[in-house]
>>> print(open('protein_18.tsv').read())   # TSV, C-alpha atoms
chain	number	residue	atom	x	y	z
A	1237	MET	CA	-24.06	-29.59	-0.85
A	1238	ASN	CA	-21.27	-30.93	-3.04
A	1239	THR	CA	-21.55	-33.68	-5.68
A	1240	ALA	CA	-20.14	-36.42	-3.46
A	1241	ARG	CA	-22.75	-35.73	-0.80
A	1242	TRP	CA	-25.57	-35.78	-3.38
A	1243	VAL	CA	-24.33	-39.19	-4.55
A	1244	ARG	CA	-24.22	-40.48	-0.99
A	1245	ALA	CA	-27.70	-39.13	-0.32
A	1246	ALA	CA	-29.16	-40.71	-3.46
A	1247	THR	CA	-27.55	-44.04	-2.65
A	1248	GLY	CA	-28.95	-43.91	0.87
A	1249	LEU	CA	-32.44	-43.24	-0.51
A	1250	LEU	CA	-32.30	-46.25	-2.79
A	1251	ILE	CA	-30.98	-48.61	-0.13
A	1252	LEU	CA	-32.40	-47.35	3.13
A	1253	GLY	CA	-35.38	-45.32	2.01
A	1254	VAL	CA	-36.60	-42.01	3.28
A	1255	LEU	CA	-35.36	-42.59	6.84
A	1256	GLY	CA	-31.81	-43.11	5.65
A	1257	MET	CA	-32.05	-40.01	3.48
A	1258	ALA	CA	-33.22	-37.91	6.40
A	1259	ALA	CA	-30.38	-39.13	8.59
A	1260	CYS	CA	-27.86	-38.27	5.89
A	1261	GLU	CA	-29.29	-34.76	5.49
A	1262	VAL	CA	-29.11	-34.14	9.24
A	1263	GLU	CA	-25.47	-35.23	9.26
A	1264	ASP	CA	-24.69	-32.98	6.29
A	1265	ALA	CA	-26.40	-30.00	7.92
A	1266	ALA	CA	-24.39	-30.44	11.08
A	1267	THR	CA	-21.17	-30.72	9.09
A	1268	GLU	CA	-21.90	-27.63	7.03
A	1269	ALA	CA	-22.82	-25.61	10.12
A	1270	ALA	CA	-19.46	-26.30	11.78
A	1271	PRO	CA	-16.92	-23.47	11.36
A	1272	ALA	CA	-14.23	-24.27	8.79
A	1273	VAL	CA	-10.64	-23.18	9.45
A	1274	ALA	CA	-8.17	-23.77	6.64
A	1275	THR	CA	-4.63	-25.04	6.89
A	1276	ASP	CA	-4.13	-25.73	3.19
A	1277	PHE	CA	-4.59	-23.33	0.28
A	1278	GLU	CA	-4.41	-23.01	-3.48
A	1279	VAL	CA	-3.80	-19.91	-5.55
A	1280	ASP	CA	-6.51	-17.94	-7.32
A	1281	PRO	CA	-4.54	-17.19	-10.50
A	1282	PHE	CA	-7.04	-14.58	-11.72
A	1283	PHE	CA	-6.77	-12.21	-8.77
A	1284	PRO	CA	-6.34	-9.26	-9.03
A	1285	ASN	CA	-7.58	-8.00	-12.37
A	1286	THR	CA	-5.38	-6.06	-14.77
A	1287	LEU	CA	-4.46	-2.65	-13.41
A	1288	PRO	CA	-5.92	0.39	-15.19
A	1289	ASN	CA	-4.03	3.30	-16.74
A	1290	ASP	CA	-1.03	1.16	-17.73
A	1291	TRP	CA	-0.10	1.03	-14.06
A	1292	ILE	CA	2.57	-1.32	-12.77
A	1293	LEU	CA	3.53	-2.26	-9.21
A	1294	GLY	CA	6.93	-1.99	-7.61
A	1295	GLN	CA	7.84	-4.07	-4.58
A	1296	VAL	CA	4.60	-4.75	-2.68
A	1297	SER	CA	5.77	-4.07	0.86
A	1298	GLY	CA	2.46	-4.04	2.71
A	1299	ILE	CA	-0.96	-5.67	2.47
A	1300	ALA	CA	-4.13	-5.36	4.55
A	1301	VAL	CA	-7.82	-6.27	4.45
A	1302	ASP	CA	-10.56	-3.93	5.67
A	1303	ALA	CA	-14.05	-4.59	7.08
A	1304	ARG	CA	-15.47	-4.78	3.53
A	1305	ASP	CA	-12.97	-7.53	2.66
A	1306	HIS	CA	-11.32	-5.03	0.34
A	1307	VAL	CA	-7.59	-5.58	-0.10
A	1308	TRP	CA	-5.17	-2.68	0.36
A	1309	VAL	CA	-1.57	-2.71	-0.80
A	1310	ALA	CA	1.37	-0.41	-0.27
A	1311	HIS	CA	3.99	-0.68	-2.97
A	1312	ARG	CA	7.27	1.07	-3.78
A	1313	PRO	CA	7.18	2.95	-7.09
A	1314	VAL	CA	10.83	3.91	-6.60
A	1315	THR	CA	11.88	0.26	-7.04
A	1316	LEU	CA	10.77	0.23	-10.68
A	1317	SER	CA	13.52	0.53	-13.25
A	1318	ASP	CA	13.28	2.99	-16.14
A	1319	LEU	CA	12.73	0.05	-18.46
A	1320	ARG	CA	9.83	-1.37	-16.43
A	1321	ALA	CA	8.27	2.10	-16.19
A	1322	GLY	CA	9.12	2.98	-19.77
A	1323	ALA	CA	5.95	4.98	-20.49
A	1324	ALA	CA	6.70	7.29	-17.56
A	1325	GLN	CA	10.09	8.40	-18.87
A	1326	ASP	CA	10.64	11.79	-20.51
A	1327	PRO	CA	10.43	11.12	-23.38
A	1328	PRO	CA	8.74	7.70	-23.08
A	1329	ILE	CA	10.91	4.78	-24.09
A	1330	ALA	CA	8.12	2.19	-24.25
A	1331	MET	CA	4.36	1.81	-24.59
A	1332	CYS	CA	4.09	0.56	-21.02
A	1333	CYS	CA	4.14	1.14	-18.08
A	1334	VAL	CA	3.47	3.86	-15.48
A	1335	PRO	CA	4.11	3.45	-11.73
A	1336	ALA	CA	0.83	3.12	-9.86
A	1337	PRO	CA	0.15	5.41	-6.87
A	1338	PRO	CA	1.72	3.83	-3.77
A	1339	ILE	CA	-1.57	3.01	-1.97
A	1340	ILE	CA	-4.22	1.00	-3.83
A	1341	GLU	CA	-7.59	-0.39	-2.70
A	1342	PHE	CA	-9.05	-3.44	-4.48
A	1343	ASP	CA	-12.58	-4.79	-4.12
A	1344	THR	CA	-13.39	-8.48	-3.54
A	1345	GLU	CA	-13.34	-9.14	-7.29
A	1346	GLY	CA	-9.85	-7.68	-7.69
A	1347	ASN	CA	-10.87	-4.37	-9.27
A	1348	VAL	CA	-9.19	-1.11	-8.31
A	1349	VAL	CA	-11.48	1.03	-6.16
A	1350	GLN	CA	-9.14	3.95	-5.55
A	1351	ALA	CA	-5.45	4.82	-5.38
A	1352	TRP	CA	-3.57	7.64	-3.68
A	1353	GLY	CA	-0.46	8.57	-1.74
A	1354	GLY	CA	2.91	10.18	-2.25
A	1355	PRO	CA	4.81	13.17	-0.87
A	1356	SER	CA	2.82	16.01	0.67
A	1357	GLU	CA	2.64	19.05	-1.58
A	1358	ASP	CA	2.57	21.45	1.38
A	1359	GLY	CA	4.98	19.59	3.67
A	1360	GLU	CA	2.20	18.56	6.04
A	1361	TYR	CA	3.73	15.11	6.55
A	1362	ASP	CA	6.78	13.04	5.63
A	1363	TRP	CA	6.11	10.47	2.93
A	1364	PRO	CA	8.52	7.52	3.16
A	1365	GLN	CA	11.16	6.92	0.53
A	1366	GLU	CA	10.52	3.23	1.15
A	1367	GLU	CA	6.91	2.34	1.96
A	1368	HIS	CA	6.79	-0.47	4.50
A	1369	GLY	CA	3.57	-1.86	5.96
A	1370	ILE	CA	-0.09	-0.90	5.78
A	1371	TYR	CA	-3.03	-1.49	8.11
A	1372	VAL	CA	-6.73	-0.54	7.92
A	1373	ASP	CA	-8.26	-0.23	11.38
A	1374	HIS	CA	-11.79	-0.78	12.73
A	1375	GLU	CA	-12.68	2.87	12.06
A	1376	ASP	CA	-11.59	2.63	8.42
A	1377	ASN	CA	-8.41	4.62	8.93
A	1378	VAL	CA	-5.35	3.65	6.89
A	1379	TRP	CA	-1.93	3.45	8.56
A	1380	ILE	CA	1.27	3.57	6.49
A	1381	GLY	CA	4.75	2.62	7.70
A	1382	GLY	CA	7.93	4.50	6.93
A	1383	GLY	CA	10.16	1.62	6.15
A	1384	ALA	CA	13.60	0.17	6.30
A	1385	ALA	CA	16.72	2.23	6.83
A	1386	ASN	CA	18.83	0.38	4.30
A	1387	ALA	CA	19.80	0.28	0.64
A	1388	GLY	CA	19.89	4.07	0.45
A	1389	PHE	CA	16.34	4.48	1.77
A	1390	SER	CA	15.22	5.57	5.18
A	1391	GLY	CA	12.09	6.29	7.12
A	1392	HIS	CA	11.24	6.66	10.77
A	1393	TYR	CA	7.53	7.37	10.95
A	1394	VAL	CA	4.00	6.01	10.78
A	1395	LEU	CA	1.27	8.01	9.06
A	1396	LYS	CA	-2.48	7.85	9.71
A	1397	PHE	CA	-4.97	8.74	6.96
A	1398	THR	CA	-8.69	8.42	6.30
A	1399	ARG	CA	-9.59	5.76	3.75
A	1400	ASP	CA	-9.70	8.38	0.99
A	1401	GLY	CA	-6.21	9.67	1.78
A	1402	GLU	CA	-6.87	12.65	4.06
A	1403	PHE	CA	-3.92	13.06	6.43
A	1404	LEU	CA	-4.72	12.77	10.15
A	1405	PHE	CA	-1.42	12.63	12.04
A	1406	GLN	CA	2.16	11.38	12.03
A	1407	ILE	CA	4.11	9.45	14.67
A	1408	GLY	CA	7.88	9.92	14.52
A	1409	GLN	CA	10.04	12.19	12.40
A	1410	GLY	CA	11.54	12.10	8.93
A	1411	ASP	CA	14.64	10.64	7.32
A	1412	GLY	CA	18.25	10.42	8.37
A	1413	PRO	CA	20.16	9.38	11.49
A	1414	ASP	CA	19.06	12.41	13.49
A	1415	ALA	CA	15.37	11.53	13.10
A	1416	THR	CA	15.52	8.57	15.49
A	1417	GLY	CA	16.47	8.62	19.14
A	1418	GLY	CA	17.03	4.92	19.66
A	1419	SER	CA	15.04	2.09	21.20
A	1420	THR	CA	14.25	3.85	24.49
A	1421	ASP	CA	13.10	7.15	22.96
A	1422	THR	CA	9.36	7.67	23.37
A	1423	SER	CA	8.75	10.29	20.67
A	1424	THR	CA	10.68	8.95	17.66
A	1425	LEU	CA	10.77	5.71	15.69
A	1426	GLY	CA	13.59	3.79	14.03
A	1427	GLY	CA	12.60	2.14	10.76
A	1428	PRO	CA	9.12	0.87	11.69
A	1429	ALA	CA	8.10	-2.15	9.62
A	1430	ALA	CA	4.48	-2.95	10.52
A	1431	MET	CA	1.56	-1.88	12.69
A	1432	HIS	CA	-1.70	-3.29	14.07
A	1433	VAL	CA	-4.53	-1.38	15.74
A	1434	ASP	CA	-6.16	-3.23	18.63
A	1435	ARG	CA	-9.85	-2.47	18.17
A	1436	HIS	CA	-10.68	-3.31	21.77
A	1437	GLU	CA	-8.33	-0.73	23.31
A	1438	ASN	CA	-7.89	1.55	20.26
A	1439	GLU	CA	-4.10	1.34	20.57
A	1440	VAL	CA	-1.65	1.06	17.68
A	1441	PHE	CA	1.12	-1.51	18.15
A	1442	ILE	CA	4.18	-0.83	15.97
A	1443	ALA	CA	6.98	-3.26	15.08
A	1444	ASP	CA	9.88	-0.81	15.36
A	1445	GLY	CA	11.78	-2.30	13.53
A	1446	TYR	CA	14.81	-1.92	11.29
A	1447	GLN	CA	16.98	0.31	13.47
A	1448	ASN	CA	15.23	0.03	16.82
A	1449	ARG	CA	14.64	-3.28	18.60
A	1450	ARG	CA	11.21	-3.04	20.13
A	1451	VAL	CA	7.44	-3.00	20.08
A	1452	ILE	CA	6.08	0.47	20.79
A	1453	VAL	CA	2.44	1.35	21.53
A	1454	PHE	CA	0.58	4.63	21.03
A	1455	ASP	CA	-2.97	5.82	21.53
A	1456	ALA	CA	-4.56	5.33	18.09
A	1457	GLU	CA	-6.73	8.43	18.45
A	1458	THR	CA	-4.17	10.95	19.71
A	1459	GLY	CA	-0.76	9.46	18.91
A	1460	GLU	CA	0.25	9.69	22.57
A	1461	PHE	CA	3.04	7.32	23.67
A	1462	LEU	CA	1.86	4.57	26.01
A	1463	ARG	CA	4.60	1.93	26.47
A	1464	HIS	CA	7.30	-0.13	24.74
A	1465	TRP	CA	9.27	-3.33	25.26
A	1466	GLY	CA	11.93	-5.55	23.73
A	1467	ALA	CA	12.34	-9.31	23.35
A	1468	TYR	CA	11.01	-11.38	26.26
A	1469	GLY	CA	9.48	-8.17	27.64
A	1470	ASN	CA	12.91	-6.74	28.49
A	1471	GLU	CA	13.79	-3.07	28.26
A	1472	PRO	CA	15.03	-2.69	24.66
A	1473	GLU	CA	18.73	-2.11	24.05
A	1474	ASP	CA	20.61	-0.92	20.97
A	1475	GLY	CA	24.18	-1.70	19.98
A	1476	ASN	CA	24.95	-5.39	19.79
A	1477	PRO	CA	22.77	-7.00	22.47
A	1478	ASN	CA	22.66	-10.68	23.31
A	1479	ALA	CA	20.25	-12.51	20.99
A	1480	ASP	CA	18.93	-14.41	23.99
A	1481	GLU	CA	17.74	-11.19	25.60
A	1482	GLN	CA	16.90	-8.72	22.81
A	1483	PHE	CA	15.30	-8.61	19.39
A	1484	GLN	CA	17.96	-8.89	16.70
A	1485	GLY	CA	15.68	-7.48	14.05
A	1486	PRO	CA	14.24	-6.47	11.96
A	1487	VAL	CA	11.17	-6.62	14.17
A	1488	HIS	CA	9.20	-7.13	11.00
A	1489	GLY	CA	5.56	-8.07	11.69
A	1490	ILE	CA	2.94	-7.77	14.41
A	1491	ALA	CA	-0.65	-8.88	15.09
A	1492	VAL	CA	-2.97	-8.56	18.09
A	1493	SER	CA	-5.58	-11.25	18.77
A	1494	ASP	CA	-9.06	-10.61	20.14
A	1495	ASP	CA	-8.09	-12.26	23.42
A	1496	GLY	CA	-5.27	-9.77	23.94
A	1497	HIS	CA	-2.13	-11.58	22.79
A	1498	VAL	CA	0.47	-9.71	20.75
A	1499	TYR	CA	2.40	-11.74	18.14
A	1500	VAL	CA	5.74	-10.31	17.06
A	1501	VAL	CA	8.16	-11.72	14.47
A	1502	ASP	CA	11.92	-11.25	14.91
A	1503	ARG	CA	12.92	-12.05	11.35
A	1504	SER	CA	16.66	-12.74	11.47
A	1505	GLU	CA	16.23	-14.96	14.55
A	1506	ASN	CA	13.58	-17.14	12.88
A	1507	ARG	CA	11.25	-16.62	15.81
A	1508	LEU	CA	7.80	-15.44	16.80
A	1509	GLN	CA	7.27	-14.19	20.34
A	1510	VAL	CA	3.95	-13.86	22.16
A	1511	PHE	CA	3.12	-11.16	24.72
A	1512	GLN	CA	0.18	-9.81	26.62
A	1513	ARG	CA	-0.95	-6.31	25.68
A	1514	ASP	CA	1.16	-4.79	28.46
A	1515	GLY	CA	4.36	-6.42	27.17
A	1516	THR	CA	4.42	-9.39	29.55
A	1517	TYR	CA	6.21	-12.25	27.81
A	1518	VAL	CA	4.13	-15.40	27.23
A	1519	ASP	CA	5.86	-17.82	24.86
A	1520	GLU	CA	8.05	-18.25	21.79
A	1521	LEU	CA	8.14	-20.29	18.59
A	1522	VAL	CA	11.26	-20.80	16.46
A	1523	ILE	CA	10.64	-21.87	12.86
A	1524	ARG	CA	13.36	-23.57	10.81
A	1525	PRO	CA	16.23	-22.33	13.01
A	1526	GLU	CA	18.81	-23.37	10.40
A	1527	THR	CA	17.46	-20.74	8.00
A	1528	GLY	CA	20.18	-18.31	7.00
A	1529	SER	CA	20.19	-14.94	5.29
A	1530	MET	CA	17.12	-12.93	6.33
A	1531	GLY	CA	15.32	-15.53	8.43
A	1532	SER	CA	12.10	-17.52	8.30
A	1533	THR	CA	9.54	-15.27	10.05
A	1534	TRP	CA	8.57	-12.24	7.96
A	1535	ASP	CA	5.05	-11.34	9.09
A	1536	VAL	CA	2.07	-12.78	10.95
A	1537	ALA	CA	-1.73	-12.75	10.60
A	1538	LEU	CA	-4.60	-14.47	12.42
A	1539	SER	CA	-7.24	-16.75	10.94
A	1540	PRO	CA	-10.73	-15.16	10.84
A	1541	ASP	CA	-12.66	-17.80	12.83
A	1542	PRO	CA	-14.04	-16.76	16.26
A	1543	ASP	CA	-11.19	-18.53	18.08
A	1544	GLN	CA	-8.54	-17.22	15.68
A	1545	ALA	CA	-7.18	-20.75	15.79
A	1546	TYR	CA	-4.27	-20.33	13.39
A	1547	LEU	CA	-1.40	-17.98	12.66
A	1548	TYR	CA	-0.12	-17.53	9.11
A	1549	VAL	CA	3.60	-16.71	8.89
A	1550	PRO	CA	5.13	-15.94	5.46
A	1551	ASP	CA	8.76	-16.98	4.99
A	1552	GLY	CA	10.67	-15.05	2.35
A	1553	VAL	CA	13.81	-17.20	2.48
A	1554	ASN	CA	12.20	-20.64	2.39
A	1555	LYS	CA	9.52	-19.15	0.13
A	1556	THR	CA	6.48	-20.64	1.79
A	1557	VAL	CA	3.78	-19.76	4.34
A	1558	TRP	CA	3.78	-21.55	7.69
A	1559	VAL	CA	0.49	-22.44	9.39
A	1560	VAL	CA	0.77	-22.39	13.19
A	1561	ASP	CA	-1.73	-23.67	15.76
A	1562	ARG	CA	-2.22	-20.63	17.98
A	1563	ALA	CA	-3.05	-22.62	21.11
A	1564	THR	CA	0.01	-24.87	21.00
A	1565	LEU	CA	2.42	-22.78	18.88
A	1566	GLU	CA	3.09	-25.84	16.75
A	1567	VAL	CA	3.61	-25.66	12.99
A	1568	VAL	CA	0.81	-27.78	11.52
A	1569	GLY	CA	1.49	-27.22	7.85
A	1570	ASN	CA	2.67	-24.89	5.12
A	1571	PHE	CA	1.64	-23.97	1.60
A	1572	ALA	CA	3.33	-22.59	-1.55
A	1573	ARG	CA	6.90	-23.07	-2.73
A	1574	GLY	CA	9.51	-20.91	-4.39
A	1575	GLY	CA	9.17	-19.84	-8.01
A	1576	ARG	CA	7.67	-17.25	-10.33
A	1577	TRP	CA	4.49	-18.94	-11.53
A	1578	ALA	CA	1.08	-18.33	-10.01
A	1579	GLY	CA	0.98	-19.91	-6.57
A	1580	GLU	CA	4.76	-19.80	-6.17
A	1581	LEU	CA	6.58	-17.23	-4.07
A	1582	GLY	CA	9.65	-15.05	-4.17
A	1583	TRP	CA	10.29	-12.98	-1.07
A	1584	ALA	CA	6.98	-13.51	0.72
A	1585	HIS	CA	6.95	-10.23	2.61
A	1586	ASN	CA	3.53	-9.60	4.13
A	1587	VAL	CA	0.28	-11.43	4.85
A	1588	ALA	CA	-3.38	-10.48	5.33
A	1589	VAL	CA	-6.54	-12.56	5.74
A	1590	ASP	CA	-10.15	-11.74	4.84
A	1591	SER	CA	-13.35	-12.86	6.58
A	1592	ARG	CA	-13.77	-15.78	4.16
A	1593	GLY	CA	-10.39	-17.21	5.14
A	1594	ASN	CA	-8.57	-16.20	1.96
A	1595	VAL	CA	-4.90	-15.44	2.52
A	1596	PHE	CA	-3.12	-12.65	0.63
A	1597	ILE	CA	0.67	-12.61	0.30
A	1598	SER	CA	2.69	-9.64	-0.94
A	1599	GLU	CA	6.12	-10.01	-2.51
A	1600	VAL	CA	9.18	-7.82	-2.81
A	1601	GLU	CA	12.45	-8.50	-4.67
A	1602	THR	CA	11.71	-9.87	-8.15
A	1603	GLY	CA	8.05	-10.62	-7.41
A	1604	LYS	CA	6.61	-7.10	-7.28
A	1605	ARG	CA	3.12	-8.53	-6.90
A	1606	PHE	CA	0.61	-9.94	-4.45
A	1607	GLN	CA	-1.34	-13.20	-4.66
A	1608	LYS	CA	-4.60	-14.57	-3.29
A	1609	PHE	CA	-4.70	-18.07	-1.83
A	1610	VAL	CA	-8.09	-19.67	-1.19
A	1611	PRO	CA	-8.85	-22.54	1.21
A	1612	ARG	CA	-8.46	-25.84	-0.54
A	1613	GLU	CA	-11.65	-27.95	-0.57
>>> encode(input="protein_18.tsv", output="structure tokens")
Amino acid sequence: MNTARWVRAATGLLILGVLGMAACEVEDAATEAAPAVATDFEVDPFFPNTLPNDWILGQVSGIAVDARDHVWVAHRPVTLSDLRAGAAQDPPIAMCCVPAPPIIEFDTEGNVVQAWGGPSEDGEYDWPQEEHGIYVDHEDNVWIGGGAANAGFSGHYVLKFTRDGEFLFQIGQGDGPDATGGSTDTSTLGGPAAMHVDRHENEVFIADGYQNRRVIVFDAETGEFLRHWGAYGNEPEDGNPNADEQFQGPVHGIAVSDDGHVYVVDRSENRLQVFQRDGTYVDELVIRPETGSMGSTWDVALSPDPDQAYLYVPDGVNKTVWVVDRATLEVVGNFARGGRWAGELGWAHNVAVDSRGNVFISEVETGKRFQKFVPRE
């Protein structure tokens, strides 16, 4: 019970006696038992703790939370300049720093639990030049995306690992224009940006992505193709399709609710579309349609309450996080603003939420970090 409630209770005892005190305690108990869902947040400036081994992060292009409430990040070591990674040069040009391994697990206190990842020594799998997206599923498997096909990087695959980095299987092929067959091909991908495993059906939904214009679904156990669709549930088309009928891309984030709705963000069109698991179109939300450049909808995550009442949508251009009522698809608030201090955002790239309702935002561009936002009391 907080201080204000203790003051109210004491006052009630003095004025109304024991009966008034009892009534106040009953009211407090009922209030505290009600589920709390947050729409406003403040930064935890002390999370995470300092990285070991003189490690430093590049662009943090993926973030996820597992069943332990451990936070997983995928970052891009290749985005670090020689000066930032001075201790890794040959010979070293500075005391600090060394690029961290691309996949890192943090505990609830912000300590590093383990780190792994990078190119396969025996060619067993394709490691992306540009890591993009990470997801930890209900069986503790870790899924890694193979990124954007831009700025000299490419990647057209999704990799599945155990939590300790043992390779399980790969969906899609490697780099280059010949590795993708377009938005109607059922065996290749085209710059996948994010993935979400539906624990009820054990299917992996992939936002595919930077070159393709679709959602594509595979069996999460076998990697077998199941189905795909484009904007509004249409058959996806490449080329220069009408924005009213097709995703314009990148199809940049995806989340699946417990009641079977699939939330997909079409970043450059400032929109979030809702589907049923089979691709049937349900509804659409456009956020700040005047937003230029790279759009207002960069990723999406669900609040952890039983009803999953809210969606959290990071916005890398307006540099904030939108809070959306899932039932009405209305924006009910936002938190954070642009800047470089704790609690301010650069390119807010990805979002994840833990069971306590804490929201984690990863940043690319100049940020090269991730931040923890806690519900504001």
>>> residues_around(input="protein_18.tsv", residues="A:Gly1593", least_positions_apart="4", cutoff="10 Å", atoms="only C-alpha atoms", output="compact mmCIF listing (two decimals) with C-alpha atoms, in the frame of the given file")
# COMPACT_ATOMS: atom_id res chain seq x y z
CA ALA A 1272 -14.23 -24.27 8.79
CA VAL A 1273 -10.64 -23.18 9.45
CA ALA A 1274 -8.17 -23.77 6.64
CA THR A 1275 -4.63 -25.04 6.89
CA PHE A 1277 -4.59 -23.33 0.28
CA LEU A 1538 -4.60 -14.47 12.42
CA SER A 1539 -7.24 -16.75 10.94
CA PRO A 1540 -10.73 -15.16 10.84
CA ASP A 1541 -12.66 -17.80 12.83
CA ALA A 1588 -3.38 -10.48 5.33
CA VAL A 1589 -6.54 -12.56 5.74
CA PHE A 1609 -4.70 -18.07 -1.83
CA VAL A 1610 -8.09 -19.67 -1.19
CA PRO A 1611 -8.85 -22.54 1.21
>>> atom_distance(input="protein_18.tsv", atom1="atom CA of A:Asp1302", atom2="atom CA of A:Val1378")
9.3 Å
>>> residues_near_point(input="protein_18.tsv", point="(2.2, -6.8, 9.7)", cutoff="7 Å", atoms="all atoms listed in the file", output="mmCIF file with C-alpha atoms, in the coordinates of the input")
data_model
loop_
_atom_site.group_PDB
_atom_site.id
_atom_site.type_symbol
_atom_site.label_atom_id
_atom_site.label_comp_id
_atom_site.auth_asym_id
_atom_site.auth_seq_id
_atom_site.Cartn_x
_atom_site.Cartn_y
_atom_site.Cartn_z
ATOM 1 C CA GLY A 1369 3.570 -1.860 5.960
ATOM 2 C CA ALA A 1430 4.480 -2.950 10.520
ATOM 3 C CA MET A 1431 1.560 -1.880 12.690
ATOM 4 C CA HIS A 1432 -1.700 -3.290 14.070
ATOM 5 C CA GLY A 1489 5.560 -8.070 11.690
ATOM 6 C CA ILE A 1490 2.940 -7.770 14.410
ATOM 7 C CA ALA A 1491 -0.650 -8.880 15.090
ATOM 8 C CA ASP A 1535 5.050 -11.340 9.090
ATOM 9 C CA VAL A 1536 2.070 -12.780 10.950
ATOM 10 C CA ASN A 1586 3.530 -9.600 4.130
ATOM 11 C CA VAL A 1587 0.280 -11.430 4.850
#
>>> residues_near_point(input="protein_18.tsv", point="(3.9, -18.8, 8.3)", cutoff="10 Å", atoms="all atoms listed in the file", output="list in words")
Leu1508, Ile1523, Ser1532, Thr1533, Trp1534, Asp1535, Val1536, Ala1537, Tyr1546, Leu1547, Tyr1548, Val1549, Pro1550, Asp1551, Gly1552, Lys1555, Thr1556, Val1557, Trp1558, Val1559, Val1560, Val1567, Gly1569, Asn1570, Phe1571, Ala1584 and Val1587 of chain A
>>> atom_distance(input="protein_18.tsv", atom1="atom CA of A:Gln1365", atom2="atom CA of A:Gly1603")
19.5 Å
>>> atom_distance(input="protein_18.tsv", atom1="atom CA of A:Asn1594", atom2="atom CA of A:His1497")
22.3 Å
>>> closest_atom_pairs(input="protein_18.tsv", of="stretch 1382-1469 of chain A", to="stretch 1336-1346 of chain A", cutoff="10 Å", atoms="all atoms listed in the file", output="CSV")
residue,atom,partner,partner_atom,distance
A:Arg1399,CA,A:Glu1341,CA,9.1
A:Asp1400,CA,A:Glu1341,CA,9.7
A:Gly1401,CA,A:Ile1339,CA,8.9
>>> closest_residue(input="protein_18.tsv", among="A:Asp1514, A:Asp1474, A:Asp1373, A:Asp1411", to="A:Arg1450", atoms="all atoms listed in the file")
A:Asp1474
>>> residues_around(input="protein_18.tsv", residues="A:Glu1473", least_positions_apart="3", cutoff="7 Å", atoms="all atoms listed in the file", output="ChimeraX atom specification")
/A:1419,1449,1477,1482
>>> decode(input="protein_18.tsv", residues="stretch 1337-1379 of chain A", atoms="C-alpha atoms", output="PDB file, in the first residue's frame")
ATOM      1  CA  PRO A1337      28.510 -10.918 -30.253  1.00  0.00           C
ATOM      2  CA  PRO A1338      25.364 -10.194 -32.286  1.00  0.00           C
ATOM      3  CA  ILE A1339      22.912 -12.045 -29.996  1.00  0.00           C
ATOM      4  CA  ILE A1340      22.853 -11.180 -26.288  1.00  0.00           C
ATOM      5  CA  GLU A1341      20.599 -12.370 -23.450  1.00  0.00           C
ATOM      6  CA  PHE A1342      20.095 -10.130 -20.393  1.00  0.00           C
ATOM      7  CA  ASP A1343      18.464 -11.124 -17.110  1.00  0.00           C
ATOM      8  CA  THR A1344      15.792  -9.035 -15.355  1.00  0.00           C
ATOM      9  CA  GLU A1345      18.468  -6.984 -13.599  1.00  0.00           C
ATOM     10  CA  GLY A1346      20.185  -6.072 -16.859  1.00  0.00           C
ATOM     11  CA  ASN A1347      23.159  -8.431 -16.537  1.00  0.00           C
ATOM     12  CA  VAL A1348      24.481 -10.370 -19.517  1.00  0.00           C
ATOM     13  CA  VAL A1349      23.568 -14.055 -19.263  1.00  0.00           C
ATOM     14  CA  GLN A1350      25.099 -15.245 -22.519  1.00  0.00           C
ATOM     15  CA  ALA A1351      26.053 -14.036 -25.987  1.00  0.00           C
ATOM     16  CA  TRP A1352      26.569 -15.848 -29.276  1.00  0.00           C
ATOM     17  CA  GLY A1353      26.028 -15.702 -33.018  1.00  0.00           C
ATOM     18  CA  GLY A1354      27.902 -14.926 -36.190  1.00  0.00           C
ATOM     19  CA  PRO A1355      28.773 -16.726 -39.429  1.00  0.00           C
ATOM     20  CA  SER A1356      28.793 -20.521 -39.430  1.00  0.00           C
ATOM     21  CA  GLU A1357      32.296 -21.956 -39.426  1.00  0.00           C
ATOM     22  CA  ASP A1358      31.232 -24.997 -41.456  1.00  0.00           C
ATOM     23  CA  GLY A1359      28.723 -23.283 -43.767  1.00  0.00           C
ATOM     24  CA  GLU A1360      25.764 -24.949 -42.061  1.00  0.00           C
ATOM     25  CA  TYR A1361      23.668 -21.784 -42.314  1.00  0.00           C
ATOM     26  CA  ASP A1362      23.750 -18.262 -43.744  1.00  0.00           C
ATOM     27  CA  TRP A1363      24.389 -15.582 -41.128  1.00  0.00           C
ATOM     28  CA  PRO A1364      22.939 -12.217 -42.185  1.00  0.00           C
ATOM     29  CA  GLN A1365      25.174  -9.308 -43.071  1.00  0.00           C
ATOM     30  CA  GLU A1366      22.487  -7.140 -41.471  1.00  0.00           C
ATOM     31  CA  GLU A1367      20.739  -8.712 -38.481  1.00  0.00           C
ATOM     32  CA  HIS A1368      17.085  -7.721 -38.431  1.00  0.00           C
ATOM     33  CA  GLY A1369      14.586  -8.966 -35.859  1.00  0.00           C
ATOM     34  CA  ILE A1370      14.671 -11.530 -33.066  1.00  0.00           C
ATOM     35  CA  TYR A1371      11.965 -13.590 -31.372  1.00  0.00           C
ATOM     36  CA  VAL A1372      12.047 -16.161 -28.544  1.00  0.00           C
ATOM     37  CA  ASP A1373       9.171 -18.622 -28.817  1.00  0.00           C
ATOM     38  CA  HIS A1374       7.182 -20.617 -26.245  1.00  0.00           C
ATOM     39  CA  GLU A1375       9.628 -23.527 -26.525  1.00  0.00           C
ATOM     40  CA  ASP A1376      12.629 -21.285 -25.825  1.00  0.00           C
ATOM     41  CA  ASN A1377      13.853 -21.305 -29.414  1.00  0.00           C
ATOM     42  CA  VAL A1378      15.466 -18.144 -30.768  1.00  0.00           C
ATOM     43  CA  TRP A1379      14.557 -16.880 -34.252  1.00  0.00           C
TER      44      TRP A1379
END
